[in-house]
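Here the structure comes first, spelled out in structure tokens, and everything after it is commentary.
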Amino acid sequence: MMKVYLVEHVIGSFAFDENGKLVDYVLNPRDLGKVVDMLIDHEEHGNPFPSALELLLKLKPSEVVVENEAEVAKFQGLGARVTTQVHHFGAREFRQSLVKYALEAKYAPNEEELYSFLYQVSFEYTRRKLRKASQKRDLLAIQAVRAIDDIDKTINLFSERLREWYSLHFPELDKMVEDHQLYSKIVSYLGYRDNITQEALKELGLNDSRASKIADAAKKSIGADISEDDINSIRMLSNTILELFKIRNDLADYVESVMREVSPNVTALVGPVLGARLLSLAGSLEELAKMPASTIQVLGAEKALFRALKTGSRPPKHGIIFQFPAIHSSPRWQRGKIARALAAKLAIAARVDAFSGRYIGDQLVEQLNKRIEEIKTKYAQPPPRKQQKEERPQGKGKKGKGDKKKGKRR
Amino acid sequence: MENVFECIYVDGVTRLCTKNLAPGYSVYGERLIKFEGIEYREWNAFRSKLAGAILKGLKYNPIKKGTKVLYLGAASGTTPSHISDIVEKEGKVYGVEFSPRVVRELILVAQRRPNLFPILADARFPQAYSLLVEDPEVLYVDIAQPDQTDIAIYNAKFFLREGGYLLLAVKARSIDVTKEPEEIFMAEAEKLRKENFDVEQIINLDPYDKDHSMIVAKFKG
């Protein structure tokens with residue numbers, strides 16, 4: 001009978017003989033969620049990988065050497081003598097040539113994909129453990145996304161004021177630069193319209209033709225001349241706006257990291273910011289997890305929903321999830337169906353996030369994309385219109401009002 | 001030293017720099033410098049003990065392009081980010097850190113660096129992360145623990161290749177506040193020698209870090 005040295009790794013379980021030669025192996029599934037589950041189970045309960053058990057059942061060795069003492073008891077059930085030795089022959093051989101063994105076993109087609117998978121695994125593993133260490137962090141993500149919304153409002157408010165104020169000096173710029181951030185940059189970095197030259201604008205990242213148009217307008221501007229004091233005060237406001245943009249970016253990064261930690265599946269489906277908005281509307285991750293898909297579908301459209309219930313007009317097709325690109329960029333008649341499909345997946349994702357923490361985001365995304373594809377092909381053409389019109393105003397007899405509403409919503 | 005650069009500013013100041021693997025992103029507020037189309041990051045020796053060691057006369061830096069590094073005590077990712085710059089895409093940095101609070105920041109750094117693997121785990125139990133890593137050529141240990149040298153030795157036995165290097169940042173004050181730092185550095189180096197290491201250099205990191213040393217040792221297996 002033989003003695004084998006067992007190594008376990010993300011990619012699978014490998015058995016080596018006393019000379020450091022590979023005897024046999026069983027691969028782990030290349031599935032992020034499953035692998036991370038196995039890692040956590042291994043760490044918490046000392047359970048060996050299923051692939052390790054399978055491998056030993058196949059080989060039936062008389063003696064097994066493992067690296068982890070916690071696993072000894074579990075392996076003894078298989079009838080072999082189990083000892084532990086750190087960095088034994090097999091472990092040494094395997095971990096020094098990980099890429100070689102992974103590629104020979106065809107775990108991944110090439111080195112790049114192997115590492116990209118390992119990278120994802122260590123990320124997911126770390127996030128899962130972080131999540132356990134930090135409860136109620138969903139409330140932090142919620143506050144952060146609300147802060148982002150507040151900042152957006154403030155940026156708009158301040159930008160409107162800045163535009164009116166600076167327009168006393170250079171009114172033409174208002175129409176020429178729509179982007180608030182760029183507008184503030186021009187005011188902050190250049191200030192006086194005499195400083196607004198083509199080269200200066202190009203340094204701010206504008207292209208040739210735009211820069212020359214703006215520089216031209218600056219030369220011919222009909223705005224009033226103002227003093228240094230005046231421009232400095234205006235710049236205080238534009239500096240603040242730029243600072244707000246920076247804070248907004250940092251907060252978005254923060255929301256992303258927290259969301260991937262507390263709610264990885266929802267994040268996989270709709271991204272961190274929209275995910276956090278959903279949590280925000282629901283109140284918490286747990287609240288969201290308790291909601292039926294139909295409620296998630298119209299979260300954020302409460303006003304329209306209750307109006308619909310009251311008057312019998314048509315209910316909203318989507319609430320905040322309208323922000324999901326596949327919904328707002330699709331033709332109108334497909335949106336309701338996509339919204340329903342997305343909401344259904346979100347309900348599953350939220351429940352898994354709240355109660356089990358497994359990562360099934362990839363599968364959910366795949367299923368959702370498949371369904372969206374199906375909708376796109378099946379309902380490529382708009383439905384015939386006239387029939388719909390006749391059917392609708394059967395409700396409470398307030399035909400006139402109902403008609404008006406529907407007109408508005410379009 | 002491979003992939004470690006010196007940036008000389010207009011006013012004559014010289015600073016260490018590394019080529020930014022994640023252009024446009026600064027990790028801890030360090031300066032980004034564009035030169036001939038390549039972006040470099042200033043490497044602050046007051047924030048990173050490895051940079052301090054280089055400036056204080058590290059003779060041989062085993063971390064170069066393509067090196068695999070197991071980094072214990074990755075913290076919020078300041079030094080790991082520079083190591084990730086140095087080893088480039090061909091190299092790998094496995095960053096192990098125990099405190100969830102700082103791992104959150106480490107994750108943000110690693111997000112932009114495909115060669116930096118963040119691992120939330122306890123360096124005292126290598127069994128847990130042995131499933132995620134490879135055997136490195138360099139073991140970098142910066143954990144402020146009284147028994148940090150023992151932890152480093154245990155990890156070296158677990159992972160380090162024969163002929164591989166250990167870079168051990170010793171914080172004298174976290175080992176024993178009553179003893180003279182020099183005494184402690186000697187004692188820790190002696191521990192390494194007993195465990196089959198060639199101690200090549202002990203670099204005092206003053207003034208970048210008071211009462212800190214970087215011990216450079218080669219593992220004889």
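Residues in the structure tokens are numbered from 1 in each chain, the chains being A, B, ... in the order shown, and ligands are numbered from 1 in the order shown.
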Using only C-alpha atoms, I'd like a table of the residues in chain A that come within 10 Å of chain B; for each, show the closest atom pair and its distance in Å rounded to one decimal, ordered by chain and ascending number, as CSV.
```
residue,atom,partner,partner_atom,distance
A:Val7,CA,B:Leu131,CA,8.5
A:Glu8,CA,B:Leu131,CA,6.0
A:His9,CA,B:Leu131,CA,4.1
A:Val10,CA,B:Leu131,CA,5.6
A:Ile11,CA,B:Leu131,CA,8.7
A:Gly12,CA,B:Leu131,CA,9.3
A:Ser13,CA,B:Leu131,CA,9.9
A:Leu39,CA,B:Leu131,CA,7.9
A:Ile40,CA,B:Ala128,CA,9.1
A:His42,CA,B:Ala128,CA,8.0
A:Glu43,CA,B:Ala128,CA,6.0
A:Glu44,CA,B:Ala128,CA,9.5
A:Gly46,CA,B:Ala128,CA,9.6
A:Glu67,CA,B:Gln127,CA,7.0
A:Asn68,CA,B:Gln127,CA,5.8
A:Glu69,CA,B:Gln127,CA,8.6
A:Ala70,CA,B:Gln127,CA,9.2
A:Gln85,CA,B:Phe158,CA,9.5
A:Val86,CA,B:Phe158,CA,5.8
A:His87,CA,B:Phe158,CA,5.0
A:His88,CA,B:Phe158,CA,8.7
A:Ala91,CA,B:Phe159,CA,8.8
A:Arg92,CA,B:Asp135,CA,7.4
A:Glu93,CA,B:Asp135,CA,9.2
A:Phe94,CA,B:Glu134,CA,8.3
A:Arg95,CA,B:Glu134,CA,4.6
A:Gln96,CA,B:Asp135,CA,5.1
A:Ser97,CA,B:Glu134,CA,8.0
A:Leu98,CA,B:Glu134,CA,6.5
A:Val99,CA,B:Glu134,CA,9.2
A:Glu112,CA,B:Glu90,CA,9.7
A:Tyr115,CA,B:Asn115,CA,8.3
A:Ser116,CA,B:Pro114,CA,7.4
A:Leu118,CA,B:Leu132,CA,7.4
A:Tyr119,CA,B:Phe117,CA,5.8
A:Gln120,CA,B:Phe117,CA,8.5
A:Val121,CA,B:Leu132,CA,8.2
A:Ser122,CA,B:Ile119,CA,5.9
A:Phe123,CA,B:Pro118,CA,6.1
A:Glu124,CA,B:Ile119,CA,9.4
A:Tyr125,CA,B:Ile119,CA,7.5
A:Thr126,CA,B:Leu120,CA,5.1
A:Arg127,CA,B:Leu120,CA,8.2
A:Arg128,CA,B:Leu120,CA,9.4
A:Lys129,CA,B:Leu120,CA,7.0
A:Leu130,CA,B:Pro100,CA,5.9
A:Arg131,CA,B:Pro100,CA,9.1
A:Lys132,CA,B:Pro100,CA,9.7
A:Ala133,CA,B:Pro100,CA,6.8
A:Ser134,CA,B:Pro100,CA,8.1
A:Asp253,CA,B:Leu108,CA,7.8
A:Tyr254,CA,B:Leu108,CA,8.3
A:Glu256,CA,B:Leu108,CA,9.1
A:Ser257,CA,B:Leu108,CA,6.8
A:Val258,CA,B:Arg104,CA,8.1
A:Glu261,CA,B:Arg104,CA,9.0
```
Open item on the list: I need the residues of segment 84-198 of chain B that end up classed as strand (DSSP E or B) by DSSP on the backbone, written out as a ChimeraX atom specification.
Closed with: /B:92-97,116-120,138-141,165-171,197-198
Would you write out those residues with C-alpha atoms, as an mmCIF file, in the first residue's frame?
```
data_model
loop_
_atom_site.group_PDB
_atom_site.id
_atom_site.type_symbol
_atom_site.label_atom_id
_atom_site.label_comp_id
_atom_site.auth_asym_id
_atom_site.auth_seq_id
_atom_site.Cartn_x
_atom_site.Cartn_y
_atom_site.Cartn_z
ATOM 1 C CA LYS B 92 2.304 38.291 -7.458
ATOM 2 C CA VAL B 93 1.784 39.783 -4.025
ATOM 3 C CA TYR B 94 -0.271 37.755 -1.577
ATOM 4 C CA GLY B 95 -1.235 40.258 1.103
ATOM 5 C CA VAL B 96 -2.354 38.743 4.393
ATOM 6 C CA GLU B 97 -3.879 41.009 7.003
ATOM 7 C CA LEU B 116 -2.235 41.986 -5.411
ATOM 8 C CA PHE B 117 -4.349 39.330 -3.697
ATOM 9 C CA PRO B 118 -6.020 40.537 -0.506
ATOM 10 C CA ILE B 119 -6.423 37.832 2.129
ATOM 11 C CA LEU B 120 -8.144 38.407 5.450
ATOM 12 C CA VAL B 138 10.221 36.482 -0.737
ATOM 13 C CA LEU B 139 8.445 36.474 2.594
ATOM 14 C CA TYR B 140 7.857 39.996 3.841
ATOM 15 C CA VAL B 141 6.762 40.214 7.456
ATOM 16 C CA TYR B 165 14.476 35.747 1.271
ATOM 17 C CA LEU B 166 12.857 36.890 4.463
ATOM 18 C CA LEU B 167 12.410 40.607 5.008
ATOM 19 C CA LEU B 168 11.445 41.091 8.620
ATOM 20 C CA ALA B 169 10.494 44.496 9.960
ATOM 21 C CA VAL B 170 11.215 44.409 13.659
ATOM 22 C CA LYS B 171 9.501 46.863 15.931
ATOM 23 C CA PHE B 197 18.725 31.539 8.029
ATOM 24 C CA ASP B 198 21.729 33.513 6.845
#
```
Open item on the list: Please report the interatomic distance between atom CA of Gly336 of chain A and atom CA of Leu368 of chain A in Å with one decimal.
Closed with: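 Pair atom CA of Gly336 of chain A / atom CA of Leu368 of chain A returns 14.1 Å.
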Task: Test item: residues at most 8 Å from segment 346-351 of chain A, only C-alpha atoms, excluding those fewer than 2 positions along its chain, as a ChimeraX atom specification - done: /A:263,265-266,269,285-286,288-293,296,342-344,353-356,360-361,364
Would you export the selected residues with N, CA and C atoms as a PDB file, in the first residue's frame, please?
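Saved file part17.pdb follows:
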```
ATOM      1  N   SER A 263     -23.411  43.051   0.452  1.00  0.00           N
ATOM      2  CA  SER A 263     -24.451  42.578  -0.443  1.00  0.00           C
ATOM      3  C   SER A 263     -23.880  42.250  -1.822  1.00  0.00           C
ATOM      4  N   ASN A 265     -24.271  39.897  -3.978  1.00  0.00           N
ATOM      5  CA  ASN A 265     -25.117  39.406  -5.067  1.00  0.00           C
ATOM      6  C   ASN A 265     -25.952  40.516  -5.694  1.00  0.00           C
ATOM      7  N   VAL A 266     -26.534  41.364  -4.839  1.00  0.00           N
ATOM      8  CA  VAL A 266     -27.276  42.503  -5.366  1.00  0.00           C
ATOM      9  C   VAL A 266     -26.329  43.396  -6.171  1.00  0.00           C
ATOM     10  N   LEU A 269     -25.649  42.197  -9.613  1.00  0.00           N
ATOM     11  CA  LEU A 269     -26.757  42.408 -10.546  1.00  0.00           C
ATOM     12  C   LEU A 269     -26.860  43.843 -11.025  1.00  0.00           C
ATOM     13  N   LEU A 285     -30.789  45.824   4.453  1.00  0.00           N
ATOM     14  CA  LEU A 285     -30.670  44.629   3.625  1.00  0.00           C
ATOM     15  C   LEU A 285     -31.729  43.601   4.017  1.00  0.00           C
ATOM     16  N   GLU A 286     -31.940  43.454   5.312  1.00  0.00           N
ATOM     17  CA  GLU A 286     -32.895  42.453   5.762  1.00  0.00           C
ATOM     18  C   GLU A 286     -34.317  42.799   5.304  1.00  0.00           C
ATOM     19  N   LEU A 288     -35.086  44.471   2.669  1.00  0.00           N
ATOM     20  CA  LEU A 288     -35.153  44.209   1.230  1.00  0.00           C
ATOM     21  C   LEU A 288     -35.333  42.717   0.983  1.00  0.00           C
ATOM     22  N   ALA A 289     -34.651  41.922   1.783  1.00  0.00           N
ATOM     23  CA  ALA A 289     -34.716  40.470   1.608  1.00  0.00           C
ATOM     24  C   ALA A 289     -36.111  39.935   1.882  1.00  0.00           C
ATOM     25  N   LYS A 290     -36.857  40.658   2.699  1.00  0.00           N
ATOM     26  CA  LYS A 290     -38.199  40.176   3.047  1.00  0.00           C
ATOM     27  C   LYS A 290     -39.255  40.622   2.031  1.00  0.00           C
ATOM     28  N   MET A 291     -38.846  41.460   1.096  1.00  0.00           N
ATOM     29  CA  MET A 291     -39.832  41.984   0.157  1.00  0.00           C
ATOM     30  C   MET A 291     -40.080  41.032  -1.004  1.00  0.00           C
ATOM     31  N   PRO A 292     -41.327  40.960  -1.462  1.00  0.00           N
ATOM     32  CA  PRO A 292     -41.593  40.196  -2.677  1.00  0.00           C
ATOM     33  C   PRO A 292     -41.028  40.936  -3.890  1.00  0.00           C
ATOM     34  N   ALA A 293     -40.743  40.189  -4.925  1.00  0.00           N
ATOM     35  CA  ALA A 293     -40.170  40.796  -6.124  1.00  0.00           C
ATOM     36  C   ALA A 293     -41.043  41.919  -6.656  1.00  0.00           C
ATOM     37  N   ILE A 296     -40.194  45.036  -4.900  1.00  0.00           N
ATOM     38  CA  ILE A 296     -38.878  45.547  -5.307  1.00  0.00           C
ATOM     39  C   ILE A 296     -38.972  46.238  -6.664  1.00  0.00           C
ATOM     40  N   LEU A 342     -35.744  41.455 -13.664  1.00  0.00           N
ATOM     41  CA  LEU A 342     -34.686  41.959 -12.787  1.00  0.00           C
ATOM     42  C   LEU A 342     -35.125  41.921 -11.327  1.00  0.00           C
ATOM     43  N   ALA A 343     -36.345  42.365 -11.074  1.00  0.00           N
ATOM     44  CA  ALA A 343     -36.833  42.391  -9.699  1.00  0.00           C
ATOM     45  C   ALA A 343     -36.838  40.993  -9.104  1.00  0.00           C
ATOM     46  N   ALA A 344     -37.201  40.013  -9.910  1.00  0.00           N
ATOM     47  CA  ALA A 344     -37.234  38.635  -9.415  1.00  0.00           C
ATOM     48  C   ALA A 344     -35.836  38.181  -9.007  1.00  0.00           C
ATOM     49  N   ASP A 353     -27.921  37.279   0.119  1.00  0.00           N
ATOM     50  CA  ASP A 353     -27.002  38.195   0.808  1.00  0.00           C
ATOM     51  C   ASP A 353     -27.327  38.287   2.291  1.00  0.00           C
ATOM     52  N   ALA A 354     -28.613  38.383   2.597  1.00  0.00           N
ATOM     53  CA  ALA A 354     -28.991  38.613   3.985  1.00  0.00           C
ATOM     54  C   ALA A 354     -28.873  37.351   4.827  1.00  0.00           C
ATOM     55  N   PHE A 355     -29.171  36.210   4.250  1.00  0.00           N
ATOM     56  CA  PHE A 355     -29.304  35.031   5.110  1.00  0.00           C
ATOM     57  C   PHE A 355     -28.245  33.958   4.901  1.00  0.00           C
ATOM     58  N   SER A 356     -27.563  33.943   3.752  1.00  0.00           N
ATOM     59  CA  SER A 356     -26.546  32.899   3.636  1.00  0.00           C
ATOM     60  C   SER A 356     -25.169  33.458   3.294  1.00  0.00           C
ATOM     61  N   ILE A 360     -23.626  33.964  -5.527  1.00  0.00           N
ATOM     62  CA  ILE A 360     -24.208  33.342  -6.710  1.00  0.00           C
ATOM     63  C   ILE A 360     -24.443  34.399  -7.784  1.00  0.00           C
ATOM     64  N   GLY A 361     -23.780  35.550  -7.594  1.00  0.00           N
ATOM     65  CA  GLY A 361     -23.983  36.683  -8.496  1.00  0.00           C
ATOM     66  C   GLY A 361     -23.796  36.332  -9.964  1.00  0.00           C
ATOM     67  N   LEU A 364     -26.771  34.500 -11.318  1.00  0.00           N
ATOM     68  CA  LEU A 364     -27.936  35.384 -11.439  1.00  0.00           C
ATOM     69  C   LEU A 364     -27.809  36.300 -12.647  1.00  0.00           C
TER      70      LEU A 364
END
```
- [ ] Give me the residues within 12 Å of Glu199 of chain A as number ranges by chain, counting only C-alpha atoms and dropping any in the same chain fewer than 2 places off.
- [x] A: 190, 195-197, 201-212, 214-215
